>>> print(open('input-v3.csv').read())   # CSV, C-alpha atoms and all ligand atoms
chain,number,residue,atom,x,y,z
A,1151,MET,CA,103.1,175.0,43.3
A,1152,SER,CA,102.2,171.6,42.1
A,1153,LEU,CA,101.8,168.7,44.6
A,1154,ARG,CA,104.7,166.3,44.9
A,1155,ILE,CA,103.9,162.6,44.6
A,1156,LEU,CA,106.4,159.9,45.4
A,1157,VAL,CA,105.6,156.7,43.5
A,1158,VAL,CA,107.2,153.6,45.1
A,1159,GLU,CA,106.9,150.8,42.6
A,1160,ASP,CA,109.4,148.2,41.4
A,1161,ASP,CA,107.6,147.2,38.2
A,1162,ARG,CA,109.1,149.3,35.5
A,1163,GLU,CA,106.1,149.5,33.2
A,1164,ILE,CA,103.6,150.4,36.0
A,1165,ARG,CA,106.1,152.9,37.3
A,1166,ALA,CA,106.5,154.6,33.9
A,1167,TRP,CA,102.8,154.6,33.4
A,1168,LEU,CA,102.1,156.2,36.8
A,1169,GLN,CA,104.9,158.8,36.3
A,1170,SER,CA,103.6,159.9,32.9
A,1171,THR,CA,99.9,159.9,33.8
A,1172,LEU,CA,100.3,161.7,37.1
A,1173,SER,CA,102.7,164.3,35.5
A,1174,VAL,CA,100.0,165.0,32.9
A,1175,GLU,CA,97.6,165.6,35.8
A,1176,GLY,CA,99.9,168.3,37.0
A,1177,PHE,CA,101.7,166.5,39.8
A,1178,GLU,CA,105.4,166.7,40.3
A,1179,VAL,CA,106.3,163.0,40.3
A,1180,ARG,CA,109.4,161.3,41.8
A,1181,THR,CA,109.8,157.6,41.8
A,1182,ALA,CA,111.6,155.0,43.9
A,1183,VAL,CA,112.0,151.3,43.1
A,1184,SER,CA,112.7,150.0,46.7
A,1185,VAL,CA,112.1,150.7,50.4
A,1186,SER,CA,115.6,152.0,50.8
A,1187,GLU,CA,115.4,154.4,47.9
A,1188,ALA,CA,112.0,155.6,49.1
A,1189,SER,CA,113.4,156.1,52.6
A,1190,ALA,CA,116.3,158.2,51.3
A,1191,LEU,CA,114.0,160.4,49.2
A,1192,LEU,CA,111.7,160.8,52.2
A,1193,ARG,CA,114.6,162.1,54.3
A,1194,HIS,CA,115.8,164.6,51.7
A,1195,ALA,CA,112.7,165.7,49.9
A,1196,PRO,CA,109.4,164.7,51.6
A,1197,PRO,CA,106.5,164.6,49.1
A,1198,ASP,CA,102.9,165.6,49.6
A,1199,VAL,CA,101.5,162.1,48.8
A,1200,ILE,CA,103.0,158.6,48.5
A,1201,VAL,CA,101.6,156.0,46.1
A,1202,LEU,CA,103.1,152.8,47.5
A,1203,ASP,CA,103.2,149.4,45.8
A,1204,LEU,CA,103.2,146.2,47.9
A,1205,GLY,CA,105.9,143.7,47.2
A,1206,LEU,CA,109.1,145.6,46.9
A,1207,PRO,CA,112.4,143.9,46.3
A,1208,ASP,CA,114.1,144.9,49.6
A,1209,GLY,CA,111.3,144.9,52.1
A,1210,ASP,CA,107.8,145.2,53.2
A,1211,GLY,CA,105.5,148.1,52.5
A,1212,VAL,CA,104.4,148.0,56.1
A,1213,ASP,CA,107.9,148.9,57.3
A,1214,LEU,CA,107.9,151.9,55.1
A,1215,VAL,CA,104.4,153.0,56.4
A,1216,HIS,CA,105.6,152.7,60.0
A,1217,GLU,CA,108.7,154.7,59.2
A,1218,VAL,CA,106.8,157.4,57.4
A,1219,ARG,CA,104.3,157.7,60.2
A,1220,LYS,CA,107.1,158.4,62.7
A,1221,HIS,CA,107.8,161.7,61.0
A,1222,HIS,CA,105.0,162.6,58.6
A,1223,THR,CA,101.2,162.8,58.4
A,1224,LEU,CA,101.2,162.8,54.6
A,1225,PRO,CA,98.7,160.6,52.8
A,1226,ILE,CA,99.7,157.1,51.7
A,1227,VAL,CA,97.7,155.3,49.0
A,1228,VAL,CA,98.6,151.7,48.6
A,1229,VAL,CA,98.4,149.8,45.3
A,1230,SER,CA,98.4,146.1,45.4
A,1231,ALA,CA,97.6,142.8,43.7
A,1232,ARG,CA,94.3,141.1,44.6
A,1233,HIS,CA,95.9,138.2,46.5
A,1234,GLN,CA,97.6,140.6,49.0
A,1235,GLU,CA,94.5,141.2,51.1
A,1236,ALA,CA,96.1,140.4,54.5
A,1237,GLN,CA,98.9,142.9,53.8
A,1238,LYS,CA,96.4,145.6,52.8
A,1239,ILE,CA,94.7,145.3,56.2
A,1240,GLN,CA,98.1,145.5,57.9
A,1241,LEU,CA,99.0,148.6,55.9
A,1242,LEU,CA,95.8,150.4,56.7
A,1243,ASP,CA,96.1,149.6,60.3
A,1244,ALA,CA,99.7,150.8,60.2
A,1245,GLY,CA,98.5,154.2,59.0
A,1246,ALA,CA,98.1,154.0,55.2
A,1247,ASP,CA,95.1,156.0,54.0
A,1248,ASP,CA,93.6,153.8,51.4
A,1249,TYR,CA,94.4,151.2,48.8
A,1250,LEU,CA,93.6,150.3,45.2
A,1251,THR,CA,93.7,146.8,43.8
A,1252,LYS,CA,95.5,146.4,40.4
A,1253,PRO,CA,94.5,146.9,37.7
A,1254,PHE,CA,93.0,150.3,38.4
A,1255,SER,CA,92.4,153.4,36.3
A,1256,VAL,CA,94.1,156.7,36.6
A,1257,GLY,CA,90.7,158.2,37.5
A,1258,GLU,CA,90.3,155.8,40.5
A,1259,LEU,CA,93.8,156.6,41.7
A,1260,LEU,CA,93.2,160.4,41.4
A,1261,ALA,CA,89.9,160.1,43.3
A,1262,ARG,CA,91.7,158.2,46.1
A,1263,ILE,CA,94.5,160.8,46.2
A,1264,ARG,CA,92.0,163.6,46.3
A,1265,VAL,CA,90.0,162.1,49.1
A,1266,ALA,CA,93.2,161.4,51.1
A,1267,LEU,CA,94.4,164.9,50.7
A,1268,ARG,CA,91.0,166.3,51.6
A,1269,HIS,CA,91.0,164.3,54.8
A,1270,ARG,CA,94.4,165.6,55.7
A,1271,GLY,CA,93.2,169.1,55.1
A,1272,THR,CA,90.0,168.7,57.1
A,1273,ALA,CA,91.8,166.8,59.9
A,1274,LEU,CA,93.9,169.9,60.4
A,1275,ALA,CA,91.1,172.4,60.0
A,1276,ALA,CA,87.8,170.9,61.1
A,1277,ALA,CA,86.6,167.3,61.1
A,1278,VAL,CA,83.9,166.2,58.6
A,1279,THR,CA,80.5,166.7,60.3
A,1280,LEU,CA,78.2,166.8,57.4
A,1281,HIS,CA,77.7,164.2,54.7
A,1282,ALA,CA,75.0,164.4,52.0
A,1283,LEU,CA,74.7,162.1,49.0
A,1284,ASP,CA,71.6,161.3,47.0
A,1285,ASP,CA,68.7,161.2,49.4
A,1286,LEU,CA,70.9,160.6,52.4
A,1287,ARG,CA,71.9,163.4,54.8
A,1288,ILE,CA,74.0,162.9,57.9
A,1289,ASP,CA,74.7,165.8,60.2
A,1290,LEU,CA,76.9,164.9,63.1
A,1291,ALA,CA,76.7,168.3,64.7
A,1292,LEU,CA,72.9,167.9,64.9
A,1293,HIS,CA,73.1,164.2,65.5
A,1294,SER,CA,70.7,163.8,62.7
A,1295,VAL,CA,70.3,161.1,59.9
A,1296,GLN,CA,67.7,161.6,57.2
A,1297,ARG,CA,66.7,159.8,54.1
A,1298,GLY,CA,64.5,161.6,51.7
A,1299,GLY,CA,63.8,164.3,54.3
A,1300,GLU,CA,62.5,161.7,56.8
A,1301,THR,CA,64.5,161.2,60.1
A,1302,LEU,CA,65.9,157.8,60.5
A,1303,HIS,CA,65.9,156.3,64.0
A,1304,LEU,CA,69.2,154.6,64.8
A,1305,THR,CA,70.3,152.9,67.9
A,1306,PRO,CA,73.3,154.4,69.7
A,1307,THR,CA,75.6,151.7,68.3
A,1308,GLU,CA,74.2,152.1,64.7
A,1309,TYR,CA,74.8,155.8,65.0
A,1310,LYS,CA,78.3,155.4,66.3
A,1311,LEU,CA,79.2,153.1,63.4
A,1312,LEU,CA,77.7,155.4,60.8
A,1313,ALA,CA,79.4,158.5,62.4
A,1314,ARG,CA,82.8,156.7,62.3
A,1315,LEU,CA,82.3,156.0,58.6
A,1316,VAL,CA,81.3,159.7,58.0
A,1317,ARG,CA,84.6,160.8,59.5
A,1318,SER,CA,86.4,158.8,56.9
A,1319,VAL,CA,84.0,159.3,54.1
A,1320,GLY,CA,85.2,158.0,50.8
A,1321,ARG,CA,87.9,155.9,52.5
A,1322,VAL,CA,88.0,152.3,53.5
A,1323,VAL,CA,88.0,151.7,57.2
A,1324,THR,CA,89.2,148.2,58.3
A,1325,HIS,CA,87.1,145.9,60.4
A,1326,ARG,CA,89.6,146.2,63.1
A,1327,GLN,CA,89.5,150.0,63.1
A,1328,LEU,CA,85.7,150.0,63.2
A,1329,LEU,CA,85.5,147.5,66.0
A,1330,ALA,CA,88.1,149.4,68.1
A,1331,ASP,CA,86.5,152.8,67.6
A,1332,VAL,CA,82.8,151.8,68.0
A,1333,TRP,CA,83.0,149.0,70.5
A,1334,GLY,CA,86.4,149.4,72.1
A,1335,PRO,CA,90.0,148.1,71.7
A,1336,GLU,CA,89.1,144.7,73.3
A,1337,TYR,CA,86.6,144.0,70.6
A,1338,THR,CA,88.8,144.0,67.5
A,1339,GLU,CA,88.2,140.3,66.8
A,1340,HIS,CA,84.4,140.4,67.1
A,1341,THR,CA,83.7,140.8,63.4
A,1342,HIS,CA,80.2,139.3,63.8
A,1343,TYR,CA,79.1,142.4,65.7
A,1344,LEU,CA,80.0,144.5,62.6
A,1345,ARG,CA,78.2,142.2,60.2
A,1346,LEU,CA,75.1,142.3,62.4
A,1347,TYR,CA,75.1,146.1,62.9
A,1348,MET,CA,76.0,146.8,59.2
A,1349,GLY,CA,73.0,144.7,58.2
A,1350,GLN,CA,70.7,146.7,60.5
A,1351,LEU,CA,72.2,150.0,59.3
A,1352,ARG,CA,71.8,149.1,55.6
A,1353,ALA,CA,68.2,148.1,56.3
A,1354,LYS,CA,67.5,151.7,57.5
A,1355,VAL,CA,69.9,153.7,55.3
A,1356,GLU,CA,69.8,151.9,51.9
A,1357,VAL,CA,66.9,152.0,49.4
A,1358,ASP,CA,67.9,148.4,48.5
A,1359,PRO,CA,70.0,146.9,51.3
A,1360,ALA,CA,71.0,144.0,49.0
A,1361,GLU,CA,72.5,146.5,46.6
A,1362,PRO,CA,74.1,149.1,48.9
A,1363,ARG,CA,74.6,152.5,47.4
A,1364,HIS,CA,76.1,154.1,50.5
A,1365,LEU,CA,77.6,151.5,52.9
A,1366,LEU,CA,80.0,149.6,50.6
A,1367,THR,CA,81.7,146.4,51.5
A,1368,GLU,CA,85.4,146.1,50.8
A,1369,THR,CA,85.6,142.3,50.8
A,1370,GLY,CA,87.9,140.9,53.4
A,1371,VAL,CA,89.1,144.4,54.5
A,1372,GLY,CA,86.3,146.6,55.8
A,1373,TYR,CA,83.7,149.1,54.8
A,1374,ARG,CA,83.5,152.4,53.0
A,1375,LEU,CA,80.9,155.2,53.0
A,1376,ALA,CA,80.5,156.2,49.4
A,1377,ALA,CA,81.6,159.8,48.8
A,1378,VAL,CA,80.2,160.2,45.3
A,1401,CA,CA,105.8,145.1,43.1
>>> encode(input="input-v3.csv", output="structure tokens")
Amino acid sequence: MSLRILVVEDDREIRAWLQSTLSVEGFEVRTAVSVSEASALLRHAPPDVIVLDLGLPDGDGVDLVHEVRKHHTLPIVVVSARHQEAQKIQLLDAGADDYLTKPFSVGELLARIRVALRHRGTALAAAVTLHALDDLRIDLALHSVQRGGETLHLTPTEYKLLARLVRSVGRVVTHRQLLADVWGPEYTEHTHYLRLYMGQLRAKVEVDPAEPRHLLTETGVGYRLAAV
């Protein structure tokens, strides 16, 4: 059975493009042009994945994310224009899985959808505990971080931060989420902690900390541990 995607997008051209390209990829695509239409579809025929545009005619994408999260754990990938950064953060904190900034390629969208689906699957089965890419190898079960076969010595906070990113590998994690999970809920405004520790981590993990290959910055939003 093919996976069902609900595309919520009011722009006719983008909607038609997403519908045709995602259908070609083997997804069963349904579309909605507004929050209310999407809500109705969600009640009657919940999809496996939602691709959600920001800026809908009858409401805010955040409301839809909140509503979906009341009943469903299905992945939500947000697509937005570049100037909608504050909204992107709100959406991620509300429970959206990831976002893409327009214009994006079908390849990028499919990669985000795949990662989000994989996380849903692994969240139900077993959490991600092993991450290996290039010369970097992180094994959370063994509490081990290696680069090129050499063990890296991380402080407890550096390790916690890295481990948090491993659990969401391939996905953006907002500053707020990282601060809450690593330092605690009362530290969500202390973004300077993150900058400091991310600098330290990059100095240990990256071959060239100025050109990070693993610990990627999502400007104004958060960080992402590269999956590929
Ligand atoms: Ca729109």
>>> residues_around(input="input-v3.csv", residues="A:Leu1153", least_positions_apart="3", cutoff="12 Å", atoms="all atoms listed in the file", output="VMD selection string")
chain A and resid 1156 1172 to 1173 1175 to 1180 1196 to 1200 1224 to 1225 1263 to 1264 1267
>>> write_last_selection(input="input-v3.csv", atoms="C-alpha atoms", output="short mmCIF file (atom, residue, chain, number, x, y, z; two decimals), in the frame of the given file")
data_model
loop_
_atom_site.label_atom_id
_atom_site.label_comp_id
_atom_site.auth_asym_id
_atom_site.auth_seq_id
_atom_site.Cartn_x
_atom_site.Cartn_y
_atom_site.Cartn_z
CA LEU A 1156 106.40 159.90 45.40
CA LEU A 1172 100.30 161.70 37.10
CA SER A 1173 102.70 164.30 35.50
CA GLU A 1175 97.60 165.60 35.80
CA GLY A 1176 99.90 168.30 37.00
CA PHE A 1177 101.70 166.50 39.80
CA GLU A 1178 105.40 166.70 40.30
CA VAL A 1179 106.30 163.00 40.30
CA ARG A 1180 109.40 161.30 41.80
CA PRO A 1196 109.40 164.70 51.60
CA PRO A 1197 106.50 164.60 49.10
CA ASP A 1198 102.90 165.60 49.60
CA VAL A 1199 101.50 162.10 48.80
CA ILE A 1200 103.00 158.60 48.50
CA LEU A 1224 101.20 162.80 54.60
CA PRO A 1225 98.70 160.60 52.80
CA ILE A 1263 94.50 160.80 46.20
CA ARG A 1264 92.00 163.60 46.30
CA LEU A 1267 94.40 164.90 50.70
#
>>> residues_near_ligand(input="input-v3.csv", ligand="ligand CA 1401 (chain A)", cutoff="8 Å", atoms="only C-alpha atoms and all ligand atoms", output="PyMOL selection string")
chain A and resi 1159-1161+1203-1207+1230
>>> write_last_selection(input="input-v3.csv", atoms="C-alpha atoms", output="JSON list (two decimals), in the frame of the given file")
[["chain", "number", "residue", "atom", "x", "y", "z"],
["A", 1159, "GLU", "CA", 106.90, 150.80, 42.60],
["A", 1160, "ASP", "CA", 109.40, 148.20, 41.40],
["A", 1161, "ASP", "CA", 107.60, 147.20, 38.20],
["A", 1203, "ASP", "CA", 103.20, 149.40, 45.80],
["A", 1204, "LEU", "CA", 103.20, 146.20, 47.90],
["A", 1205, "GLY", "CA", 105.90, 143.70, 47.20],
["A", 1206, "LEU", "CA", 109.10, 145.60, 46.90],
["A", 1207, "PRO", "CA", 112.40, 143.90, 46.30],
["A", 1230, "SER", "CA", 98.40, 146.10, 45.40]]
>>> residues_around(input="input-v3.csv", residues="A:Val1218", least_positions_apart="3", cutoff="10 Å", atoms="only C-alpha atoms", output="list in words")
Ala1188, Ser1189, Leu1192, Arg1193, Pro1196, Ile1200, Val1212, Asp1213, Leu1214, Val1215, His1221, His1222, Thr1223, Leu1224, Pro1225, Ile1226, Gly1245 and Ala1246 of chain A
>>> closest_residue(input="input-v3.csv", among="A:Gln1327, A:Ser1152, A:Ser1318, A:Thr1181", to="A:Ala1266", atoms="all atoms listed in the file")
A:Ser1318
>>> closest_residue(input="input-v3.csv", among="A:Asp1243, A:Glu1300, A:Asp1248, A:Glu1356", to="A:Leu1328", atoms="only C-alpha atoms")
A:Asp1243
>>> atom_distance(input="input-v3.csv", atom1="atom CA of A:Asp1247", atom2="atom CA of A:Val1278")
15.8 Å
>>> residues_around(input="input-v3.csv", residues="A:Leu1292", least_positions_apart="4", cutoff="12 Å", atoms="only C-alpha atoms", output="PyMOL selection string")
chain A and resi 1279-1281+1287-1288+1296+1301+1313
>>> residues_near_point(input="input-v3.csv", point="(72.2, 152.6, 50.1)", cutoff="10 Å", atoms="all atoms listed in the file", output="PyMOL selection string")
chain A and resi 1283-1286+1297+1351-1366+1375-1376
>>> closest_residue(input="input-v3.csv", among="A:Gly1372, A:Tyr1343, A:Glu1336, A:Val1265", to="A:Val1319", atoms="all atoms listed in the file")
A:Val1265
>>> atom_distance(input="input-v3.csv", atom1="atom CA of A:Thr1369", atom2="atom CA of A:Val1158")
25.0 Å
>>> residues_near_point(input="input-v3.csv", point="(97.2, 145.4, 51.8)", cutoff="9 Å", atoms="all atoms listed in the file", output="list in words")
Leu1204, Gly1211, Val1212, Val1228, Val1229, Ser1230, Ala1231, Arg1232, Gln1234, Glu1235, Ala1236, Gln1237, Lys1238, Ile1239, Gln1240, Leu1241, Leu1242, Tyr1249, Leu1250, Thr1251 and Val1371 of chain A
>>> atom_distance(input="input-v3.csv", atom1="atom CA of A:Leu1259", atom2="atom CA of A:Ala1195")
22.5 Å
>>> closest_residue(input="input-v3.csv", among="A:Glu1217, A:Glu1187, A:Asp1210, A:Glu1368", to="A:Arg1321", atoms="only C-alpha atoms")
A:Glu1368
>>> decode(input="input-v3.csv", residues="stretch 1334-1348 of chain A", atoms="all heavy atoms", output="PDB file, in the first residue's frame")
ATOM      1  N   GLY A1334      17.759  22.133  30.758  1.00  0.00           N
ATOM      2  CA  GLY A1334      16.547  22.146  31.592  1.00  0.00           C
ATOM      3  C   GLY A1334      15.576  23.221  31.134  1.00  0.00           C
ATOM      4  O   GLY A1334      15.977  24.201  30.501  1.00  0.00           O
ATOM      5  N   PRO A1335      14.282  23.021  31.441  1.00  0.00           N
ATOM      6  CA  PRO A1335      13.238  23.913  30.924  1.00  0.00           C
ATOM      7  C   PRO A1335      13.420  25.375  31.329  1.00  0.00           C
ATOM      8  O   PRO A1335      12.919  26.267  30.642  1.00  0.00           O
ATOM      9  CB  PRO A1335      11.951  23.341  31.517  1.00  0.00           C
ATOM     10  CG  PRO A1335      12.347  22.324  32.511  1.00  0.00           C
ATOM     11  CD  PRO A1335      13.751  21.909  32.238  1.00  0.00           C
ATOM     12  N   GLU A1336      14.130  25.632  32.422  1.00  0.00           N
ATOM     13  CA  GLU A1336      14.288  27.033  32.835  1.00  0.00           C
ATOM     14  C   GLU A1336      15.403  27.744  32.058  1.00  0.00           C
ATOM     15  O   GLU A1336      15.647  28.921  32.255  1.00  0.00           O
ATOM     16  CB  GLU A1336      14.504  27.117  34.348  1.00  0.00           C
ATOM     17  CG  GLU A1336      15.775  26.483  34.886  1.00  0.00           C
ATOM     18  CD  GLU A1336      15.681  24.969  35.131  1.00  0.00           C
ATOM     19  OE1 GLU A1336      14.929  24.277  34.406  1.00  0.00           O
ATOM     20  OE2 GLU A1336      16.391  24.462  36.016  1.00  0.00           O
ATOM     21  N   TYR A1337      16.068  27.039  31.144  1.00  0.00           N
ATOM     22  CA  TYR A1337      17.196  27.630  30.420  1.00  0.00           C
ATOM     23  C   TYR A1337      16.914  27.943  28.949  1.00  0.00           C
ATOM     24  O   TYR A1337      17.835  28.184  28.192  1.00  0.00           O
ATOM     25  CB  TYR A1337      18.406  26.686  30.485  1.00  0.00           C
ATOM     26  CG  TYR A1337      19.017  26.603  31.858  1.00  0.00           C
ATOM     27  CD1 TYR A1337      18.586  25.635  32.762  1.00  0.00           C
ATOM     28  CD2 TYR A1337      20.009  27.498  32.259  1.00  0.00           C
ATOM     29  CE1 TYR A1337      19.125  25.559  34.041  1.00  0.00           C
ATOM     30  CE2 TYR A1337      20.555  27.427  33.523  1.00  0.00           C
ATOM     31  CZ  TYR A1337      20.107  26.466  34.412  1.00  0.00           C
ATOM     32  OH  TYR A1337      20.643  26.397  35.666  1.00  0.00           O
ATOM     33  N   THR A1338      15.613  27.932  28.570  1.00  0.00           N
ATOM     34  CA  THR A1338      15.314  28.017  27.142  1.00  0.00           C
ATOM     35  C   THR A1338      15.715  29.336  26.483  1.00  0.00           C
ATOM     36  O   THR A1338      15.762  29.421  25.269  1.00  0.00           O
ATOM     37  CB  THR A1338      13.804  27.779  26.883  1.00  0.00           C
ATOM     38  OG1 THR A1338      13.071  28.673  27.712  1.00  0.00           O
ATOM     39  CG2 THR A1338      13.413  26.351  27.185  1.00  0.00           C
ATOM     40  N   GLU A1339      15.985  30.360  27.276  1.00  0.00           N
ATOM     41  CA  GLU A1339      16.399  31.639  26.681  1.00  0.00           C
ATOM     42  C   GLU A1339      17.913  31.803  26.644  1.00  0.00           C
ATOM     43  O   GLU A1339      18.428  32.778  26.100  1.00  0.00           O
ATOM     44  CB  GLU A1339      15.792  32.821  27.473  1.00  0.00           C
ATOM     45  CG  GLU A1339      14.277  32.777  27.630  1.00  0.00           C
ATOM     46  CD  GLU A1339      13.543  32.739  26.295  1.00  0.00           C
ATOM     47  OE1 GLU A1339      13.998  33.407  25.346  1.00  0.00           O
ATOM     48  OE2 GLU A1339      12.529  32.020  26.206  1.00  0.00           O
ATOM     49  N   HIS A1340      18.650  30.866  27.222  1.00  0.00           N
ATOM     50  CA  HIS A1340      20.110  31.015  27.338  1.00  0.00           C
ATOM     51  C   HIS A1340      20.837  30.546  26.081  1.00  0.00           C
ATOM     52  O   HIS A1340      21.642  29.614  26.130  1.00  0.00           O
ATOM     53  CB  HIS A1340      20.631  30.238  28.548  1.00  0.00           C
ATOM     54  CG  HIS A1340      20.186  30.788  29.858  1.00  0.00           C
ATOM     55  ND1 HIS A1340      18.856  31.038  30.166  1.00  0.00           N
ATOM     56  CD2 HIS A1340      20.882  31.154  30.966  1.00  0.00           C
ATOM     57  CE1 HIS A1340      18.756  31.525  31.396  1.00  0.00           C
ATOM     58  NE2 HIS A1340      19.971  31.605  31.902  1.00  0.00           N
ATOM     59  N   THR A1341      20.554  31.185  24.954  1.00  0.00           N
ATOM     60  CA  THR A1341      21.129  30.701  23.697  1.00  0.00           C
ATOM     61  C   THR A1341      22.654  30.825  23.647  1.00  0.00           C
ATOM     62  O   THR A1341      23.295  30.141  22.872  1.00  0.00           O
ATOM     63  CB  THR A1341      20.522  31.441  22.479  1.00  0.00           C
ATOM     64  OG1 THR A1341      20.503  32.831  22.771  1.00  0.00           O
ATOM     65  CG2 THR A1341      19.117  30.969  22.195  1.00  0.00           C
ATOM     66  N   HIS A1342      23.213  31.680  24.517  1.00  0.00           N
ATOM     67  CA  HIS A1342      24.677  31.806  24.516  1.00  0.00           C
ATOM     68  C   HIS A1342      25.343  30.520  25.022  1.00  0.00           C
ATOM     69  O   HIS A1342      26.456  30.218  24.626  1.00  0.00           O
ATOM     70  CB  HIS A1342      25.124  33.021  25.347  1.00  0.00           C
ATOM     71  CG  HIS A1342      24.637  33.001  26.760  1.00  0.00           C
ATOM     72  ND1 HIS A1342      23.320  33.283  27.091  1.00  0.00           N
ATOM     73  CD2 HIS A1342      25.261  32.715  27.918  1.00  0.00           C
ATOM     74  CE1 HIS A1342      23.170  33.178  28.402  1.00  0.00           C
ATOM     75  NE2 HIS A1342      24.332  32.834  28.929  1.00  0.00           N
ATOM     76  N   TYR A1343      24.657  29.762  25.882  1.00  0.00           N
ATOM     77  CA  TYR A1343      25.198  28.459  26.312  1.00  0.00           C
ATOM     78  C   TYR A1343      25.395  27.571  25.097  1.00  0.00           C
ATOM     79  O   TYR A1343      26.415  26.916  24.947  1.00  0.00           O
ATOM     80  CB  TYR A1343      24.206  27.722  27.249  1.00  0.00           C
ATOM     81  CG  TYR A1343      24.127  28.221  28.655  1.00  0.00           C
ATOM     82  CD1 TYR A1343      24.618  29.473  29.017  1.00  0.00           C
ATOM     83  CD2 TYR A1343      23.547  27.429  29.643  1.00  0.00           C
ATOM     84  CE1 TYR A1343      24.512  29.922  30.320  1.00  0.00           C
ATOM     85  CE2 TYR A1343      23.444  27.864  30.951  1.00  0.00           C
ATOM     86  CZ  TYR A1343      23.923  29.117  31.282  1.00  0.00           C
ATOM     87  OH  TYR A1343      23.800  29.544  32.568  1.00  0.00           O
ATOM     88  N   LEU A1344      24.353  27.565  24.243  1.00  0.00           N
ATOM     89  CA  LEU A1344      24.379  26.714  23.057  1.00  0.00           C
ATOM     90  C   LEU A1344      25.520  27.091  22.131  1.00  0.00           C
ATOM     91  O   LEU A1344      26.243  26.227  21.649  1.00  0.00           O
ATOM     92  CB  LEU A1344      23.069  26.886  22.292  1.00  0.00           C
ATOM     93  CG  LEU A1344      22.039  25.789  22.385  1.00  0.00           C
ATOM     94  CD1 LEU A1344      20.899  26.116  21.438  1.00  0.00           C
ATOM     95  CD2 LEU A1344      22.647  24.443  22.020  1.00  0.00           C
ATOM     96  N   ARG A1345      25.652  28.395  21.883  1.00  0.00           N
ATOM     97  CA  ARG A1345      26.720  28.848  20.992  1.00  0.00           C
ATOM     98  C   ARG A1345      28.076  28.395  21.522  1.00  0.00           C
ATOM     99  O   ARG A1345      28.918  27.905  20.796  1.00  0.00           O
ATOM    100  CB  ARG A1345      26.693  30.377  20.860  1.00  0.00           C
ATOM    101  CG  ARG A1345      25.802  30.863  19.731  1.00  0.00           C
ATOM    102  CD  ARG A1345      26.139  32.299  19.344  1.00  0.00           C
ATOM    103  NE  ARG A1345      26.043  33.223  20.466  1.00  0.00           N
ATOM    104  CZ  ARG A1345      24.894  33.762  20.898  1.00  0.00           C
ATOM    105  NH1 ARG A1345      23.763  33.454  20.309  1.00  0.00           N
ATOM    106  NH2 ARG A1345      24.885  34.590  21.912  1.00  0.00           N
ATOM    107  N   LEU A1346      28.266  28.572  22.820  1.00  0.00           N
ATOM    108  CA  LEU A1346      29.529  28.217  23.451  1.00  0.00           C
ATOM    109  C   LEU A1346      29.816  26.716  23.307  1.00  0.00           C
ATOM    110  O   LEU A1346      30.884  26.307  22.843  1.00  0.00           O
ATOM    111  CB  LEU A1346      29.474  28.608  24.937  1.00  0.00           C
ATOM    112  CG  LEU A1346      30.706  28.275  25.772  1.00  0.00           C
ATOM    113  CD1 LEU A1346      31.865  29.180  25.388  1.00  0.00           C
ATOM    114  CD2 LEU A1346      30.403  28.428  27.270  1.00  0.00           C
ATOM    115  N   TYR A1347      28.837  25.902  23.692  1.00  0.00           N
ATOM    116  CA  TYR A1347      29.060  24.452  23.675  1.00  0.00           C
ATOM    117  C   TYR A1347      29.119  23.891  22.264  1.00  0.00           C
ATOM    118  O   TYR A1347      29.832  22.928  22.004  1.00  0.00           O
ATOM    119  CB  TYR A1347      28.008  23.734  24.532  1.00  0.00           C
ATOM    120  CG  TYR A1347      28.391  23.764  25.984  1.00  0.00           C
ATOM    121  CD1 TYR A1347      28.023  24.826  26.810  1.00  0.00           C
ATOM    122  CD2 TYR A1347      29.194  22.765  26.514  1.00  0.00           C
ATOM    123  CE1 TYR A1347      28.411  24.877  28.132  1.00  0.00           C
ATOM    124  CE2 TYR A1347      29.596  22.803  27.836  1.00  0.00           C
ATOM    125  CZ  TYR A1347      29.197  23.864  28.647  1.00  0.00           C
ATOM    126  OH  TYR A1347      29.607  23.906  29.953  1.00  0.00           O
ATOM    127  N   MET A1348      28.364  24.510  21.349  1.00  0.00           N
ATOM    128  CA  MET A1348      28.431  24.054  19.965  1.00  0.00           C
ATOM    129  C   MET A1348      29.822  24.348  19.403  1.00  0.00           C
ATOM    130  O   MET A1348      30.378  23.537  18.671  1.00  0.00           O
ATOM    131  CB  MET A1348      27.344  24.754  19.132  1.00  0.00           C
ATOM    132  CG  MET A1348      27.140  24.183  17.759  1.00  0.00           C
ATOM    133  SD  MET A1348      26.847  22.394  17.721  1.00  0.00           S
ATOM    134  CE  MET A1348      25.192  22.303  18.390  1.00  0.00           C
TER     135      MET A1348
END
